[in-house]
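*Asks:* Take a look at work08.pdb, PDB, C-alpha atoms, pLDDT in the B column:
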```pdb
ATOM      1  CA  MET A 147      -7.102 -59.716  32.288  1.00 55.00           C
ATOM      2  CA  ARG A 148      -4.918 -56.765  33.196  1.00 60.00           C
ATOM      3  CA  ALA A 149      -6.098 -53.174  32.881  1.00 64.00           C
ATOM      4  CA  GLY A 150      -3.703 -50.876  31.090  1.00 65.00           C
ATOM      5  CA  LYS A 151      -2.869 -49.127  27.881  1.00 67.00           C
ATOM      6  CA  ILE A 152      -3.794 -50.685  24.613  1.00 69.00           C
ATOM      7  CA  LYS A 153      -0.849 -50.614  22.305  1.00 67.00           C
ATOM      8  CA  THR A 154      -1.604 -49.594  18.748  1.00 65.00           C
ATOM      9  CA  PRO A 155       0.902 -49.440  15.963  1.00 67.00           C
ATOM     10  CA  ARG A 156       1.961 -45.866  15.156  1.00 68.00           C
ATOM     11  CA  ALA A 157       2.271 -45.026  11.534  1.00 64.00           C
ATOM     12  CA  LYS A 158       4.401 -42.105  10.443  1.00 67.00           C
ATOM     13  CA  ILE A 159       2.354 -39.930   8.162  1.00 68.00           C
ATOM     14  CA  ARG A 160       4.289 -37.615   5.892  1.00 69.00           C
ATOM     15  CA  ALA A 161       2.805 -34.942   3.737  1.00 65.00           C
ATOM     16  CA  PRO A 162       3.485 -35.137   0.003  1.00 67.00           C
ATOM     17  CA  GLN A 163       6.519 -33.142  -1.153  1.00 65.00           C
ATOM     18  CA  GLN A 164       4.304 -30.514  -2.864  1.00 62.00           C
ATOM     19  CA  VAL A 165       2.660 -29.707   0.476  1.00 61.00           C
ATOM     20  CA  GLN A 166       5.996 -29.626   2.294  1.00 61.00           C
ATOM     21  CA  ASP A 167       7.354 -27.127  -0.256  1.00 65.00           C
ATOM     22  CA  LEU A 168       4.467 -24.657   0.085  1.00 69.00           C
ATOM     23  CA  GLU A 169       5.254 -21.200   1.349  1.00 72.00           C
ATOM     24  CA  PHE A 170       2.582 -19.564   3.427  1.00 70.00           C
ATOM     25  CA  ARG A 171       1.926 -15.847   3.488  1.00 68.00           C
ATOM     26  CA  SER A 172      -0.363 -13.751   5.581  1.00 70.00           C
ATOM     27  CA  LEU A 173      -3.684 -12.812   4.066  1.00 74.00           C
ATOM     28  CA  ASN A 174      -5.366  -9.461   4.293  1.00 78.00           C
ATOM     29  CA  LEU A 175      -2.259  -7.504   5.292  1.00 85.00           C
ATOM     30  CA  PRO A 176      -2.863  -3.752   5.455  1.00 90.00           C
ATOM     31  CA  VAL A 177      -1.296  -1.651   2.699  1.00 91.00           C
ATOM     32  CA  PRO A 178       0.160   1.789   3.542  1.00 93.00           C
ATOM     33  CA  ILE A 179      -1.683   4.578   1.697  1.00 94.00           C
ATOM     34  CA  GLN A 180      -1.756   8.357   1.571  1.00 94.00           C
ATOM     35  CA  VAL A 181      -4.846  10.209   2.745  1.00 96.00           C
ATOM     36  CA  ALA A 182      -5.721  13.870   2.388  1.00 96.00           C
ATOM     37  CA  SER A 183      -7.928  15.135   5.214  1.00 95.00           C
ATOM     38  CA  ASP A 184     -10.430  17.964   5.256  1.00 95.00           C
ATOM     39  CA  LYS A 185     -10.457  20.879   7.730  1.00 95.00           C
ATOM     40  CA  THR A 186     -12.100  18.719  10.414  1.00 94.00           C
ATOM     41  CA  GLY A 187      -9.529  15.915  10.097  1.00 91.00           C
ATOM     42  CA  MET A 188     -11.847  13.512   8.278  1.00 95.00           C
ATOM     43  CA  PRO A 189     -10.451  11.689   5.220  1.00 97.00           C
ATOM     44  CA  ALA A 190     -11.368  13.493   1.983  1.00 97.00           C
ATOM     45  CA  ALA A 191      -9.239  11.712  -0.657  1.00 97.00           C
ATOM     46  CA  VAL A 192      -6.996   8.641  -0.913  1.00 96.00           C
ATOM     47  CA  ALA A 193      -4.026   7.693  -3.071  1.00 94.00           C
ATOM     48  CA  LEU A 194      -3.875   3.929  -3.520  1.00 89.00           C
ATOM     49  CA  PRO A 195      -0.745   2.048  -4.610  1.00 84.00           C
ATOM     50  CA  HIS A 196      -0.599   0.338  -7.978  1.00 70.00           C
ATOM     51  CA  ALA A 197      -2.289  -3.069  -7.997  1.00 60.00           C
ATOM     52  CA  ARG A 198       0.985  -5.000  -7.810  1.00 55.00           C
ATOM     53  CA  SER A 199       2.798  -2.682  -5.427  1.00 52.00           C
ATOM     54  CA  ARG A 200       2.743  -2.797  -1.640  1.00 53.00           C
ATOM     55  CA  ARG A 201       5.197   0.081  -1.274  1.00 55.00           C
ATOM     56  CA  PRO A 202       3.901   3.536  -0.544  1.00 53.00           C
ATOM     57  CA  ARG A 203       5.147   6.186  -2.953  1.00 58.00           C
ATOM     58  CA  PRO A 204       4.378   9.865  -2.894  1.00 57.00           C
ATOM     59  CA  ALA A 205       1.371  10.352  -5.136  1.00 59.00           C
ATOM     60  CA  PRO A 206       0.741  13.401  -7.290  1.00 59.00           C
ATOM     61  CA  LYS A 207      -2.490  15.245  -6.493  1.00 58.00           C
ATOM     62  CA  SER A 208      -3.931  13.946  -9.779  1.00 60.00           C
ATOM     63  CA  GLN A 209      -3.742  10.371  -8.455  1.00 88.00           C
ATOM     64  CA  TYR A 210      -5.858  11.061  -5.378  1.00 94.00           C
ATOM     65  CA  LEU A 211      -9.366   9.626  -5.511  1.00 95.00           C
ATOM     66  CA  ARG A 212     -12.069  11.721  -3.891  1.00 96.00           C
ATOM     67  CA  ILE A 213     -14.013  10.120  -1.044  1.00 98.00           C
ATOM     68  CA  THR A 214     -17.694  10.544  -1.864  1.00 97.00           C
ATOM     69  CA  ALA A 215     -19.090   8.961   1.325  1.00 97.00           C
ATOM     70  CA  ILE A 216     -18.024   7.707   4.711  1.00 97.00           C
ATOM     71  CA  ASN A 217     -20.392   4.786   5.219  1.00 97.00           C
ATOM     72  CA  ASP A 218     -19.201   3.653   8.633  1.00 97.00           C
ATOM     73  CA  LEU A 219     -16.687   4.664  11.276  1.00 96.00           C
ATOM     74  CA  TRP A 220     -15.443   2.701  14.283  1.00 96.00           C
ATOM     75  CA  GLN A 221     -12.606   2.727  16.776  1.00 95.00           C
ATOM     76  CA  VAL A 222     -10.541  -0.283  17.880  1.00 92.00           C
ATOM     77  CA  ASP A 223      -8.518  -0.010  21.077  1.00 91.00           C
ATOM     78  CA  ASP A 224      -7.129  -3.399  22.026  1.00 88.00           C
ATOM     79  CA  GLU A 225      -4.225  -5.139  23.711  1.00 83.00           C
ATOM     80  CA  TRP A 226      -3.578  -2.114  25.925  1.00 80.00           C
ATOM     81  CA  TRP A 227      -1.386  -4.233  28.188  1.00 83.00           C
ATOM     82  CA  ARG A 228       1.191  -4.967  25.474  1.00 83.00           C
ATOM     83  CA  LYS A 229       4.257  -2.925  24.581  1.00 81.00           C
ATOM     84  CA  HIS A 230       2.570  -1.863  21.310  1.00 82.00           C
ATOM     85  CA  PRO A 231      -1.198  -1.653  21.899  1.00 83.00           C
ATOM     86  CA  ILE A 232      -3.617  -1.424  18.984  1.00 88.00           C
ATOM     87  CA  ALA A 233      -5.337   1.945  18.547  1.00 93.00           C
ATOM     88  CA  ARG A 234      -7.013   2.361  15.181  1.00 94.00           C
ATOM     89  CA  ARG A 235      -9.850   4.390  13.707  1.00 96.00           C
ATOM     90  CA  TYR A 236     -11.499   2.550  10.811  1.00 96.00           C
ATOM     91  CA  TYR A 237     -13.537   4.096   8.004  1.00 97.00           C
ATOM     92  CA  GLN A 238     -15.587   2.273   5.419  1.00 97.00           C
ATOM     93  CA  ILE A 239     -15.598   4.687   2.490  1.00 97.00           C
ATOM     94  CA  THR A 240     -16.898   5.009  -1.051  1.00 97.00           C
ATOM     95  CA  ILE A 241     -14.518   6.631  -3.522  1.00 96.00           C
ATOM     96  CA  GLN A 242     -15.272   8.511  -6.737  1.00 95.00           C
ATOM     97  CA  ASP A 243     -15.332   5.356  -8.907  1.00 94.00           C
ATOM     98  CA  ASP A 244     -17.983   3.822  -6.579  1.00 95.00           C
ATOM     99  CA  ARG A 245     -15.618   1.290  -4.971  1.00 94.00           C
ATOM    100  CA  ARG A 246     -16.068   0.641  -1.275  1.00 96.00           C
ATOM    101  CA  LEU A 247     -12.870   0.409   0.757  1.00 95.00           C
ATOM    102  CA  THR A 248     -11.960  -0.059   4.374  1.00 96.00           C
ATOM    103  CA  ILE A 249      -9.155   2.224   5.516  1.00 97.00           C
ATOM    104  CA  TYR A 250      -7.815   2.985   8.955  1.00 96.00           C
ATOM    105  CA  GLN A 251      -5.533   5.395  10.720  1.00 96.00           C
ATOM    106  CA  ASP A 252      -3.089   3.847  13.170  1.00 95.00           C
ATOM    107  CA  ARG A 253      -3.313   6.238  16.108  1.00 92.00           C
ATOM    108  CA  ALA A 254       0.104   5.115  17.425  1.00 89.00           C
ATOM    109  CA  ASN A 255       2.090   6.260  14.366  1.00 92.00           C
ATOM    110  CA  ASP A 256      -0.505   8.434  12.555  1.00 93.00           C
ATOM    111  CA  GLN A 257      -0.068   6.326   9.373  1.00 95.00           C
ATOM    112  CA  TRP A 258      -2.997   5.421   7.105  1.00 96.00           C
ATOM    113  CA  TYR A 259      -3.611   1.908   5.751  1.00 95.00           C
ATOM    114  CA  TRP A 260      -5.954   0.200   3.305  1.00 95.00           C
ATOM    115  CA  GLN A 261      -7.336  -2.988   4.845  1.00 91.00           C
ATOM    116  CA  ARG A 262      -7.736  -5.077   1.721  1.00 82.00           C
ATOM    117  CA  GLY A 263      -9.716  -8.256   1.476  1.00 74.00           C
ATOM    118  CA  GLY A 264     -13.195  -7.151   2.474  1.00 55.00           C
ATOM    119  CA  GLU A 265     -16.170  -8.336   0.480  1.00 45.00           C
ATOM    120  CA  ALA A 266     -16.488  -5.089  -1.448  1.00 47.00           C
ATOM    121  CA  ASP A 267     -12.790  -4.103  -1.560  1.00 45.00           C
ATOM    122  CA  SER A 268     -11.096  -4.187  -4.941  1.00 48.00           C
TER     123      SER A 268
END
```
Would you encode the structure as C-alpha coordinates?
*Replies:*
Amino acid sequence: MRAGKIKTPRAKIRAPQQVQDLEFRSLNLPVPIQVASDKTGMPAAVALPHARSRRPRPAPKSQYLRITAINDLWQVDDEWWRKHPIARRYYQITIQDDRRLTIYQDRANDQWYWQRGGEADS
(Lines of atoms letter the chains of each structure in order from A and count residues from 1; the text may use other names and numbers.)
(Lines give C-alpha, C1' and ligand atoms only; values in the text may rest on other atoms or scores of the structure.)
Protein backbone atom coordinates (compact mmCIF):
# COMPACT_ATOMS: atom_id res chain seq x y z
CA MET A 1 0.00 0.00 0.00
CA ARG A 2 1.43 3.34 -1.07
CA ALA A 3 0.95 6.51 0.96
CA GLY A 4 -0.23 9.49 -1.02
CA LYS A 5 -3.14 11.65 -1.97
CA ILE A 6 -6.56 10.18 -2.18
CA LYS A 7 -8.19 11.20 -5.39
CA THR A 8 -11.80 12.28 -5.11
CA PRO A 9 -13.97 13.31 -7.98
CA ARG A 10 -14.45 17.09 -8.16
CA ALA A 11 -17.90 18.27 -8.95
CA LYS A 12 -18.43 21.73 -10.37
CA ILE A 13 -21.05 23.47 -8.31
CA ARG A 14 -22.79 26.39 -9.95
CA ALA A 15 -25.15 28.75 -8.25
CA PRO A 16 -28.66 29.04 -9.69
CA GLN A 17 -29.08 31.85 -12.23
CA GLN A 18 -31.17 33.94 -9.77
CA VAL A 19 -28.24 34.01 -7.34
CA GLN A 20 -25.75 34.81 -10.09
CA ASP A 21 -27.88 37.78 -11.20
CA LEU A 22 -28.11 39.37 -7.74
CA GLU A 23 -26.62 42.80 -7.28
CA PHE A 24 -25.12 43.50 -3.91
CA ARG A 25 -25.11 46.90 -2.26
CA SER A 26 -23.51 48.15 0.88
CA LEU A 27 -25.68 48.30 3.96
CA ASN A 28 -25.74 51.07 6.51
CA LEU A 29 -24.05 53.68 4.32
CA PRO A 30 -23.92 57.12 5.94
CA VAL A 31 -26.23 59.77 4.49
CA PRO A 32 -25.01 63.39 4.23
CA ILE A 33 -27.14 65.74 6.36
CA GLN A 34 -27.18 69.37 7.43
CA VAL A 35 -26.65 70.24 11.08
CA ALA A 36 -27.10 73.56 12.83
CA SER A 37 -24.78 73.97 15.82
CA ASP A 38 -25.21 76.03 18.96
CA LYS A 39 -22.73 78.63 20.27
CA THR A 40 -20.51 75.90 21.76
CA GLY A 41 -20.34 73.90 18.52
CA MET A 42 -22.67 71.13 19.68
CA PRO A 43 -25.40 70.00 17.25
CA ALA A 44 -28.71 71.76 17.96
CA ALA A 45 -30.88 70.82 14.95
CA VAL A 46 -30.72 68.47 11.95
CA ALA A 47 -32.22 68.51 8.46
CA LEU A 48 -32.72 64.97 7.20
CA PRO A 49 -33.16 64.07 3.53
CA HIS A 50 -36.46 62.74 2.25
CA ALA A 51 -36.92 59.02 2.90
CA ARG A 52 -36.08 58.01 -0.67
CA SER A 53 -33.31 60.52 -1.26
CA ARG A 54 -29.63 60.08 -0.49
CA ARG A 55 -28.67 63.46 -1.94
CA PRO A 56 -28.15 66.39 0.37
CA ARG A 57 -30.17 69.46 -0.56
CA PRO A 58 -30.19 72.79 1.18
CA ALA A 59 -33.01 72.65 3.70
CA PRO A 60 -35.18 75.60 4.69
CA LYS A 61 -35.05 76.46 8.40
CA SER A 62 -38.59 75.10 8.74
CA GLN A 63 -37.35 71.60 7.85
CA TYR A 64 -34.78 71.46 10.65
CA LEU A 65 -35.70 69.17 13.53
CA ARG A 66 -34.64 70.35 16.97
CA ILE A 67 -32.32 68.07 18.93
CA THR A 68 -33.90 67.58 22.34
CA ALA A 69 -31.12 65.43 23.86
CA ILE A 70 -27.62 64.23 23.19
CA ASN A 71 -27.70 60.76 24.72
CA ASP A 72 -24.14 59.70 23.98
CA LEU A 73 -21.00 61.11 22.41
CA TRP A 74 -17.84 59.31 21.31
CA GLN A 75 -14.80 59.87 19.14
CA VAL A 76 -13.35 57.43 16.60
CA ASP A 77 -9.79 57.96 15.41
CA ASP A 78 -8.65 54.99 13.36
CA GLU A 79 -6.42 53.94 10.49
CA TRP A 80 -4.05 56.83 11.15
CA TRP A 81 -1.42 55.19 8.96
CA ARG A 82 -3.54 55.38 5.79
CA LYS A 83 -3.70 58.22 3.29
CA HIS A 84 -7.23 59.06 4.51
CA PRO A 85 -7.46 58.23 8.23
CA ILE A 86 -10.82 58.05 9.99
CA ALA A 87 -11.53 60.88 12.44
CA ARG A 88 -15.17 61.11 13.46
CA ARG A 89 -17.16 62.44 16.39
CA TYR A 90 -20.39 60.48 16.86
CA TYR A 91 -23.53 61.66 18.64
CA GLN A 92 -26.54 59.58 19.56
CA ILE A 93 -29.34 62.14 19.64
CA THR A 94 -33.07 62.40 20.25
CA ILE A 95 -34.93 64.78 17.96
CA GLN A 96 -38.19 66.65 18.54
CA ASP A 97 -40.40 63.78 17.30
CA ASP A 98 -38.73 61.42 19.84
CA ARG A 99 -36.71 59.47 17.24
CA ARG A 100 -33.22 58.43 18.23
CA LEU A 101 -30.55 58.88 15.56
CA THR A 102 -26.84 58.37 15.30
CA ILE A 103 -25.07 61.21 13.51
CA TYR A 104 -21.40 62.01 13.14
CA GLN A 105 -19.13 64.78 12.01
CA ASP A 106 -16.25 63.74 9.77
CA ARG A 107 -13.37 65.74 11.22
CA ALA A 108 -11.38 65.44 7.96
CA ASN A 109 -13.92 67.31 5.80
CA ASP A 110 -16.19 68.87 8.47
CA GLN A 111 -19.25 67.22 6.85
CA TRP A 112 -22.12 65.77 8.90
CA TYR A 113 -23.66 62.34 8.25
CA TRP A 114 -26.59 60.28 9.50
CA GLN A 115 -25.46 56.73 10.24
CA ARG A 116 -28.65 54.87 9.42
CA GLY A 117 -29.39 51.32 10.37
CA GLY A 118 -29.13 51.38 14.14
CA GLU A 119 -31.75 49.63 16.22
CA ALA A 120 -33.62 52.83 17.02
CA ASP A 121 -32.91 54.75 13.79
CA SER A 122 -35.85 55.39 11.50
*Asks:* Excluding stretch 239-241 of chain A and any residue of its chain fewer than 5 positions from it, enumerate the residues within 6 Å of it, using only C-alpha atoms, and give them as a VMD selection string.
*Replies:* chain A and resid 212 to 217 246 to 247
*Asks:* Identify all residues satisfying the PyMOL selection byres ((chain A and resi 177) around 9) in the given file; provide them as a short mmCIF file (atom, residue, chain, number, x, y, z; two decimals) with C-alpha atoms, keeping the file's coordinate frame.
*Replies:*
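Output contents, as saved in expr15.cif:
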```cif
data_model
loop_
_atom_site.label_atom_id
_atom_site.label_comp_id
_atom_site.auth_asym_id
_atom_site.auth_seq_id
_atom_site.Cartn_x
_atom_site.Cartn_y
_atom_site.Cartn_z
CA ASN A 174 -5.37 -9.46 4.29
CA LEU A 175 -2.26 -7.50 5.29
CA PRO A 176 -2.86 -3.75 5.46
CA PRO A 178 0.16 1.79 3.54
CA ILE A 179 -1.68 4.58 1.70
CA LEU A 194 -3.88 3.93 -3.52
CA PRO A 195 -0.74 2.05 -4.61
CA ARG A 200 2.74 -2.80 -1.64
CA ARG A 201 5.20 0.08 -1.27
CA PRO A 202 3.90 3.54 -0.54
CA TRP A 258 -3.00 5.42 7.10
CA TYR A 259 -3.61 1.91 5.75
CA TRP A 260 -5.95 0.20 3.30
CA GLN A 261 -7.34 -2.99 4.84
CA ARG A 262 -7.74 -5.08 1.72
#
```
*Asks:* Let me know the residues the PyMOL selection byres ((chain A and resi 236) around 6) catches in the file above, as a count of residues only.
*Replies:* 6
*Asks:* Can you tell me how far atom CA of A:Arg253 sits from atom CA of A:Ala193, in Å to one decimal?
*Replies:*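 Interatomic distance here is 19.2 Å.
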*Asks:* Provide the atom CA of A:Pro189 to atom CA of A:Gln238 distance in Å, to one decimal place.
*Replies:*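 Atom CA of A:Gln238 lies at a distance of 10.7 Å from atom CA of A:Pro189.
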*Asks:* Pick from A:Trp227, A:Ala191, A:Asp218, A:Ser183: nearest to A:Thr248, with only C-alpha atoms counted?
*Replies:*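 Ranked by minimum distance to A:Thr248, first place goes to A:Asp218.
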*Asks:* For A:Met188, which residue among A:Leu211, A:Gln242, A:Ile232, A:Gln251 is the nearest when counting only C-alpha atoms?
*Replies:*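 Once distances to A:Met188 are computed over only C-alpha atoms, the minimum belongs to A:Gln251.
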*Asks:* Work out how far atom CA of A:Asn255 is from atom CA of A:Asp223, in Å to one decimal.
*Replies:*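 Interatomic distance, atom CA of A:Asp223 to atom CA of A:Asn255: 14.0 Å.
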*Asks:* I'd like the residues picked by the PyMOL selection byres ((chain A and resi 222) around 6) written out as a list of chain:residue names, using the chain letters and numbers from the file.
*Replies:* A:Gln221, A:Asp223, A:Ala233, A:Arg234
*Asks:* Provide stretch 212-229 of chain A rebuilt to N, CA and C atoms, formatted as a PDB file, keeping the file's coordinate frame.
*Replies:*
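Writing the result to rebuild-v5.pdb gives the following:
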```pdb
ATOM      1  N   ARG A 212     -11.200  11.016  -4.839  1.00 96.00           N
ATOM      2  CA  ARG A 212     -12.069  11.721  -3.891  1.00 96.00           C
ATOM      3  C   ARG A 212     -12.956  10.733  -3.147  1.00 96.00           C
ATOM      4  N   ILE A 213     -13.098  10.928  -1.852  1.00 98.00           N
ATOM      5  CA  ILE A 213     -14.013  10.120  -1.044  1.00 98.00           C
ATOM      6  C   ILE A 213     -15.382  10.764  -1.150  1.00 98.00           C
ATOM      7  N   THR A 214     -16.344  10.008  -1.668  1.00 97.00           N
ATOM      8  CA  THR A 214     -17.694  10.544  -1.864  1.00 97.00           C
ATOM      9  C   THR A 214     -18.607  10.268  -0.681  1.00 97.00           C
ATOM     10  N   ALA A 215     -18.269   9.262   0.143  1.00 97.00           N
ATOM     11  CA  ALA A 215     -19.090   8.961   1.325  1.00 97.00           C
ATOM     12  C   ALA A 215     -18.263   8.213   2.355  1.00 97.00           C
ATOM     13  N   ILE A 216     -18.528   8.517   3.604  1.00 97.00           N
ATOM     14  CA  ILE A 216     -18.024   7.707   4.711  1.00 97.00           C
ATOM     15  C   ILE A 216     -19.238   6.931   5.205  1.00 97.00           C
ATOM     16  N   ASN A 217     -19.236   5.624   4.932  1.00 97.00           N
ATOM     17  CA  ASN A 217     -20.392   4.786   5.219  1.00 97.00           C
ATOM     18  C   ASN A 217     -20.433   4.292   6.664  1.00 97.00           C
ATOM     19  N   ASP A 218     -19.264   4.139   7.255  1.00 97.00           N
ATOM     20  CA  ASP A 218     -19.201   3.653   8.633  1.00 97.00           C
ATOM     21  C   ASP A 218     -17.884   4.104   9.244  1.00 97.00           C
ATOM     22  N   LEU A 219     -17.866   4.212  10.538  1.00 96.00           N
ATOM     23  CA  LEU A 219     -16.687   4.664  11.276  1.00 96.00           C
ATOM     24  C   LEU A 219     -16.693   3.934  12.606  1.00 96.00           C
ATOM     25  N   TRP A 220     -15.540   3.353  12.984  1.00 96.00           N
ATOM     26  CA  TRP A 220     -15.443   2.701  14.283  1.00 96.00           C
ATOM     27  C   TRP A 220     -14.018   2.763  14.799  1.00 96.00           C
ATOM     28  N   GLN A 221     -13.894   2.631  16.097  1.00 95.00           N
ATOM     29  CA  GLN A 221     -12.606   2.727  16.776  1.00 95.00           C
ATOM     30  C   GLN A 221     -12.275   1.366  17.380  1.00 95.00           C
ATOM     31  N   VAL A 222     -11.016   0.943  17.247  1.00 92.00           N
ATOM     32  CA  VAL A 222     -10.541  -0.283  17.880  1.00 92.00           C
ATOM     33  C   VAL A 222      -9.379   0.078  18.796  1.00 92.00           C
ATOM     34  N   ASP A 223      -9.573  -0.171  20.073  1.00 91.00           N
ATOM     35  CA  ASP A 223      -8.518  -0.010  21.077  1.00 91.00           C
ATOM     36  C   ASP A 223      -8.396  -1.356  21.761  1.00 91.00           C
ATOM     37  N   ASP A 224      -7.271  -2.035  21.541  1.00 88.00           N
ATOM     38  CA  ASP A 224      -7.129  -3.399  22.026  1.00 88.00           C
ATOM     39  C   ASP A 224      -5.692  -3.652  22.461  1.00 88.00           C
ATOM     40  N   GLU A 225      -5.533  -4.686  23.240  1.00 83.00           N
ATOM     41  CA  GLU A 225      -4.225  -5.139  23.711  1.00 83.00           C
ATOM     42  C   GLU A 225      -3.459  -4.018  24.407  1.00 83.00           C
ATOM     43  N   TRP A 226      -4.165  -3.253  25.227  1.00 80.00           N
ATOM     44  CA  TRP A 226      -3.578  -2.114  25.925  1.00 80.00           C
ATOM     45  C   TRP A 226      -2.438  -2.519  26.855  1.00 80.00           C
ATOM     46  N   TRP A 227      -2.408  -3.769  27.246  1.00 83.00           N
ATOM     47  CA  TRP A 227      -1.386  -4.233  28.188  1.00 83.00           C
ATOM     48  C   TRP A 227      -0.053  -4.558  27.513  1.00 83.00           C
ATOM     49  N   ARG A 228      -0.043  -4.625  26.185  1.00 83.00           N
ATOM     50  CA  ARG A 228       1.191  -4.967  25.474  1.00 83.00           C
ATOM     51  C   ARG A 228       2.089  -3.743  25.277  1.00 83.00           C
ATOM     52  N   LYS A 229       3.306  -4.009  24.845  1.00 81.00           N
ATOM     53  CA  LYS A 229       4.257  -2.925  24.581  1.00 81.00           C
ATOM     54  C   LYS A 229       3.751  -2.021  23.458  1.00 81.00           C
TER      55      LYS A 229
END
```
